[in-house]
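Input: a single structure, listed below in structure tokens.
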Amino acid sequence: MDLGKLALFGGERSVPEGSVVSWPAPEDGHAEALRALIGSGRYHGSDHPVVRQFEEALGAHVAPLHVRAVATGTAALHTVLDYYRKPGGAVVTAALNWPGAVGPIYACGMKPRYVDVSLLDGCLDDSLADVAAGDDVAAILVPHLFGNFSRLPRLRQAASRRKIPVIDDCTISIGGILRYGPDPDFYSTAMIASGNGAKHLGAGELGVLCARNPGLIEHVDFVSVATSLRKGDKVFSPPISYGFNYRPNVFSAAIALTRLAGLEDQIRVRAGNCLSLCRSLARLPGVVPLFDEGEPGNSFCVLPLRLVPQELGLPDSGYVRDRLGTLLQAEGVPVDAWLRRPVWTYMAFDPPRLDPEGFPNTDLLLSTMLDIRDIAPPNDGTVMSHYAAAFEKVWEAIPALKDWLVQAP
Ligand SMILES: *Cc1c(COP(=O)(O)O)cnc(C)c1O
């Protein structure tokens with residue numbers, strides 16, 4: 001192959017300039033919602049009518065879960081973890097994780113106990129469910145990454161038997177809340193969504209706590225200063241509070257509200273785009289989907305993929321993944337590696353004492369996973385075929401690029 005055809009080396013891009021709409025895919029309806037909010041003359045407050053409308057509208061989708069909006073997904077995680085805190089307790093969670101989900105564990109005076117993930121979907125490995133058995137386990141915090149939802153039947157059964165709360169971090173996987181939140185037989189203590197601009201509600205900064213237990217919902221006022229009118233009285237937080245300011249941003253709530261009516265459709269288009277792209281990529285060696293195709297709770301915040309460099313005659317090295325990523329980016333594919341280091345190396349609380357080699361699947365994914373953003377509407381099958389053409393062009397060049405691919409980018 002003539003390497004000059006590659007966009008990185010001067011060739012034409014596979015994805016035409018301007019053909020991809022980046023999330024949060026602005027719409028006229030967002031500007032209208034913001035104008036109406038400005039017309040309300042009030043720009044803040046947990047009790048703002050737009051916040052109430054958002055909570056009620058989402059609540060209608062996920063009943064009997066109660067819904068409470070807060071500042072961020074991280075604030076919602078902090079609130080739930082605080083409710084179930086055990087001083088010095090352990091919170092079982094995945095080694096492939098987001099620093100913002102692990103920070104609140106420390107903020108509650110507890111420690112993460114990491115567990116390896118599955119190579120099927122990058123979520124907790126259900127065959128390691130015995131970790132929930134320790135007497136010091138205060139809670140299990142399940143990150144559902146990339147838009148994947150992981151049902152974890154063994155882990156939930158073990159946790160339910162021992163009455164250990166399971167907190168589902170669905171900040172990038174809101175489809176899991178829609179699908180399993182209303183199911184009375186599904187053991188989940190709290191499900192957390194995020195309205196952060198990169199995620200399905202694409203609204204700026206916003207978090208949502210969904211739970212059956214009204215006490216857990218009320219706990220928001222204990223952690224956060226309310227300064228709002230709830231139940232007709234002015235509430236400057238209930239009798240005592242930690243005083244964190246976790247009030248929801250009303251501008252974000254207004255945008256999130258406009259997204260709710262189309263949320264199921266948005267998820268359907270995301271899934272359709274990802275499945276059609278995966279069908280095209282299946283022809284190429286060494287690239288496999290990092291999600292469970294049979295899981296109805298998936299909502300595809302991004303399309304997660306995993307490289308199998310041996311199938312390309314290359315070593316399992318992060319360099320190979322990053323070099324291939326650079327070639328694809330030059331072609332115009334919005335591709336990235338979500339995280340490159342174990343989560344604990346990002347945390348300021350503990351020196352990184354943990355041995356990453358205890359987590360072989362996490363270790364492998366950190367050097368081989370890739371995700372494609374901008375698979376959401378209005379991007380459609382045409383955009384997916386541009387992405388597929390970029391992969392085909394880059395894959396065709398691999399034999400001629402072997403020495404280059406194993407070097408540090
Ligand atoms: C985004 C994210 C969070 C935090 O949500 P914010 O609303 O940004 O605070 C937590 N966990 C995971 C896995 C996330 O991707």
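Ligands are numbered from 1 in the order shown, chains are lettered A, B, ... in the order of the structure tokens, and residues start at 1 in each chain.
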Taking the backbone alone, and naming residues the way the document does, which bits of range 66-117 of chain A are alpha helix (DSSP H) by DSSP, as a tab-separated table (two decimals) with N, CA and C atoms, in the first residue's frame?
```
chain	number	residue	atom	x	y	z
A	73	GLY	N	-22.78	14.22	38.97
A	73	GLY	CA	-22.83	12.79	39.27
A	73	GLY	C	-21.95	12.46	40.47
A	74	THR	N	-20.82	13.14	40.57
A	74	THR	CA	-19.90	12.92	41.68
A	74	THR	C	-20.58	13.27	43.01
A	75	ALA	N	-21.35	14.38	43.02
A	75	ALA	CA	-22.07	14.79	44.23
A	75	ALA	C	-23.10	13.73	44.62
A	76	ALA	N	-23.75	13.16	43.62
A	76	ALA	CA	-24.75	12.11	43.91
A	76	ALA	C	-24.06	10.88	44.49
A	77	LEU	N	-22.91	10.51	43.93
A	77	LEU	CA	-22.16	9.35	44.47
A	77	LEU	C	-21.72	9.62	45.90
A	78	HIS	N	-21.24	10.83	46.16
A	78	HIS	CA	-20.80	11.18	47.50
A	78	HIS	C	-21.96	11.05	48.50
A	79	THR	N	-23.14	11.55	48.09
A	79	THR	CA	-24.30	11.53	48.98
A	79	THR	C	-24.69	10.08	49.33
A	80	VAL	N	-24.72	9.22	48.34
A	80	VAL	CA	-25.13	7.83	48.59
A	80	VAL	C	-24.08	7.12	49.45
A	81	LEU	N	-22.81	7.31	49.09
A	81	LEU	CA	-21.76	6.64	49.87
A	81	LEU	C	-21.77	7.12	51.31
A	82	ASP	N	-22.07	8.40	51.50
A	82	ASP	CA	-22.11	8.92	52.86
A	82	ASP	C	-23.24	8.28	53.66
A	83	TYR	N	-24.36	8.06	53.00
A	83	TYR	CA	-25.52	7.45	53.67
A	83	TYR	C	-25.18	6.04	54.18
A	99	PRO	N	-11.49	8.37	38.30
A	99	PRO	CA	-11.06	8.97	39.57
A	99	PRO	C	-12.20	9.69	40.31
A	100	GLY	N	-13.10	10.32	39.55
A	100	GLY	CA	-14.20	11.05	40.17
A	100	GLY	C	-15.18	10.15	40.89
A	101	ALA	N	-15.17	8.86	40.57
A	101	ALA	CA	-16.06	7.94	41.28
A	101	ALA	C	-15.39	7.39	42.53
A	102	VAL	N	-14.07	7.40	42.54
A	102	VAL	CA	-13.33	6.81	43.66
A	102	VAL	C	-13.07	7.87	44.75
A	103	GLY	N	-12.92	9.12	44.35
A	103	GLY	CA	-12.67	10.20	45.30
A	103	GLY	C	-13.70	10.24	46.44
A	104	PRO	N	-15.00	10.16	46.13
A	104	PRO	CA	-16.01	10.23	47.20
A	104	PRO	C	-15.89	9.09	48.23
A	105	ILE	N	-15.29	7.97	47.85
A	105	ILE	CA	-15.11	6.87	48.82
A	105	ILE	C	-14.19	7.37	49.94
A	106	TYR	N	-13.09	8.01	49.54
A	106	TYR	CA	-12.16	8.56	50.54
A	106	TYR	C	-12.82	9.69	51.32
A	107	ALA	N	-13.62	10.51	50.62
A	107	ALA	CA	-14.28	11.65	51.28
A	107	ALA	C	-15.20	11.16	52.40
```
(Q) Show me which residues are within 7 Å of ligand 1 counting only C-alpha atoms and all ligand atoms, and format the list as number ranges by chain. (A) A: 72-75, 97-98, 100-101, 143-145, 169, 171-172, 194-196, 205-207
Write out as an mmCIF file with C-alpha atoms, in the first residue's frame the set of residues from range 179-366 of chain A that DSSP, computed on the backbone, places in strand (DSSP E or B).
```cif
data_model
loop_
_atom_site.group_PDB
_atom_site.id
_atom_site.type_symbol
_atom_site.label_atom_id
_atom_site.label_comp_id
_atom_site.auth_asym_id
_atom_site.auth_seq_id
_atom_site.Cartn_x
_atom_site.Cartn_y
_atom_site.Cartn_z
ATOM 1 C CA ALA A 190 -29.193 3.543 44.139
ATOM 2 C CA MET A 191 -28.600 4.418 40.507
ATOM 3 C CA ILE A 192 -26.683 7.564 39.615
ATOM 4 C CA ALA A 193 -26.947 9.538 36.381
ATOM 5 C CA SER A 194 -24.922 12.512 35.176
ATOM 6 C CA ASN A 196 -22.397 16.368 32.290
ATOM 7 C CA GLY A 204 -23.579 21.091 31.256
ATOM 8 C CA GLY A 207 -26.186 14.870 38.694
ATOM 9 C CA VAL A 208 -29.165 12.667 39.465
ATOM 10 C CA LEU A 209 -29.749 10.306 42.358
ATOM 11 C CA CYS A 210 -32.403 7.633 41.745
ATOM 12 C CA ALA A 211 -33.435 5.353 44.619
ATOM 13 C CA SER A 224 -25.800 19.726 50.725
ATOM 14 C CA SER A 228 -34.576 26.520 48.930
ATOM 15 C CA LEU A 229 -38.289 26.153 49.366
ATOM 16 C CA ARG A 230 -39.207 22.545 49.885
ATOM 17 C CA ASP A 233 -41.063 26.339 53.954
ATOM 18 C CA LYS A 234 -37.841 28.135 53.353
ATOM 19 C CA VAL A 235 -35.207 25.596 54.176
ATOM 20 C CA PHE A 244 -21.541 21.096 50.684
ATOM 21 C CA VAL A 287 -10.397 -5.382 16.738
ATOM 22 C CA VAL A 288 -13.255 -6.641 18.915
ATOM 23 C CA PRO A 289 -16.283 -4.969 20.536
ATOM 24 C CA LEU A 303 -18.438 2.729 21.151
ATOM 25 C CA PRO A 304 -15.839 0.812 23.186
ATOM 26 C CA LEU A 305 -13.442 -1.459 21.301
ATOM 27 C CA ARG A 306 -10.488 -3.584 22.246
ATOM 28 C CA LEU A 307 -7.457 -4.310 20.097
ATOM 29 C CA VAL A 335 -11.215 8.005 18.719
ATOM 30 C CA ASP A 336 -9.396 8.026 22.039
#
```
Enumerate, in order of chain and increasing residue number, the residues of range 180-296 of chain A with an atom no farther than 10 Å from range 53-58 of chain A, each with its shortest atom pair and distance in Å to one decimal, counting only C-alpha atoms, as a Markdown table.
```
| residue | atom | partner | partner_atom | distance |
| --- | --- | --- | --- | --- |
| A:Val208 | CA | A:Glu55 | CA | 8.5 |
| A:Leu209 | CA | A:Glu55 | CA | 9.8 |
| A:Cys210 | CA | A:Leu58 | CA | 9.4 |
| A:Val250 | CA | A:Phe54 | CA | 9.8 |
| A:Ala253 | CA | A:Phe54 | CA | 6.4 |
| A:Ala254 | CA | A:Phe54 | CA | 7.5 |
| A:Ile255 | CA | A:Phe54 | CA | 9.4 |
| A:Ala256 | CA | A:Phe54 | CA | 7.2 |
| A:Leu257 | CA | A:Phe54 | CA | 5.1 |
| A:Thr258 | CA | A:Phe54 | CA | 8.8 |
| A:Arg259 | CA | A:Phe54 | CA | 9.9 |
| A:Leu260 | CA | A:Leu58 | CA | 7.0 |
| A:Ala261 | CA | A:Ala57 | CA | 8.6 |
```
Suppose we keep N, CA and C atoms; can you now write the selection as a PDB file, in the first residue's frame?
```
ATOM      1  N   VAL A 208     -27.841  13.154  39.094  1.00  0.00           N
ATOM      2  CA  VAL A 208     -29.165  12.667  39.465  1.00  0.00           C
ATOM      3  C   VAL A 208     -29.016  11.428  40.326  1.00  0.00           C
ATOM      4  N   LEU A 209     -29.732  11.463  41.462  1.00  0.00           N
ATOM      5  CA  LEU A 209     -29.749  10.306  42.358  1.00  0.00           C
ATOM      6  C   LEU A 209     -31.117   9.649  42.210  1.00  0.00           C
ATOM      7  N   CYS A 210     -31.145   8.368  41.885  1.00  0.00           N
ATOM      8  CA  CYS A 210     -32.403   7.633  41.745  1.00  0.00           C
ATOM      9  C   CYS A 210     -32.387   6.487  42.754  1.00  0.00           C
ATOM     10  N   VAL A 250     -29.635  25.154  37.377  1.00  0.00           N
ATOM     11  CA  VAL A 250     -30.965  25.171  36.746  1.00  0.00           C
ATOM     12  C   VAL A 250     -30.878  25.300  35.221  1.00  0.00           C
ATOM     13  N   ALA A 253     -30.473  21.866  34.151  1.00  0.00           N
ATOM     14  CA  ALA A 253     -31.727  21.119  34.319  1.00  0.00           C
ATOM     15  C   ALA A 253     -32.680  21.431  33.166  1.00  0.00           C
ATOM     16  N   ALA A 254     -32.677  22.689  32.700  1.00  0.00           N
ATOM     17  CA  ALA A 254     -33.572  23.070  31.601  1.00  0.00           C
ATOM     18  C   ALA A 254     -33.196  22.329  30.313  1.00  0.00           C
ATOM     19  N   ILE A 255     -31.901  22.207  30.056  1.00  0.00           N
ATOM     20  CA  ILE A 255     -31.481  21.481  28.845  1.00  0.00           C
ATOM     21  C   ILE A 255     -31.749  19.984  29.006  1.00  0.00           C
ATOM     22  N   ALA A 256     -31.436  19.461  30.197  1.00  0.00           N
ATOM     23  CA  ALA A 256     -31.666  18.026  30.427  1.00  0.00           C
ATOM     24  C   ALA A 256     -33.140  17.686  30.232  1.00  0.00           C
ATOM     25  N   LEU A 257     -34.018  18.583  30.667  1.00  0.00           N
ATOM     26  CA  LEU A 257     -35.458  18.338  30.522  1.00  0.00           C
ATOM     27  C   LEU A 257     -35.829  18.212  29.042  1.00  0.00           C
ATOM     28  N   THR A 258     -35.229  19.050  28.186  1.00  0.00           N
ATOM     29  CA  THR A 258     -35.572  18.961  26.757  1.00  0.00           C
ATOM     30  C   THR A 258     -35.073  17.644  26.151  1.00  0.00           C
ATOM     31  N   ARG A 259     -34.053  17.047  26.745  1.00  0.00           N
ATOM     32  CA  ARG A 259     -33.510  15.801  26.177  1.00  0.00           C
ATOM     33  C   ARG A 259     -34.346  14.579  26.561  1.00  0.00           C
ATOM     34  N   LEU A 260     -35.101  14.680  27.663  1.00  0.00           N
ATOM     35  CA  LEU A 260     -35.741  13.472  28.199  1.00  0.00           C
ATOM     36  C   LEU A 260     -36.725  12.852  27.221  1.00  0.00           C
ATOM     37  N   ALA A 261     -37.526  13.701  26.545  1.00  0.00           N
ATOM     38  CA  ALA A 261     -38.562  13.149  25.661  1.00  0.00           C
ATOM     39  C   ALA A 261     -37.935  12.298  24.558  1.00  0.00           C
TER      40      ALA A 261
END
```
Q.
Need the shell around range 319-329 of chain A: protein/DNA/RNA residues with any atom at most 7 Å away, counting only C-alpha atoms. Skip same-chain ones fewer than 6 positions apart. Format as a ChimeraX atom specification?
A. /A:8,335-336,367-368,390-391,394,405-409
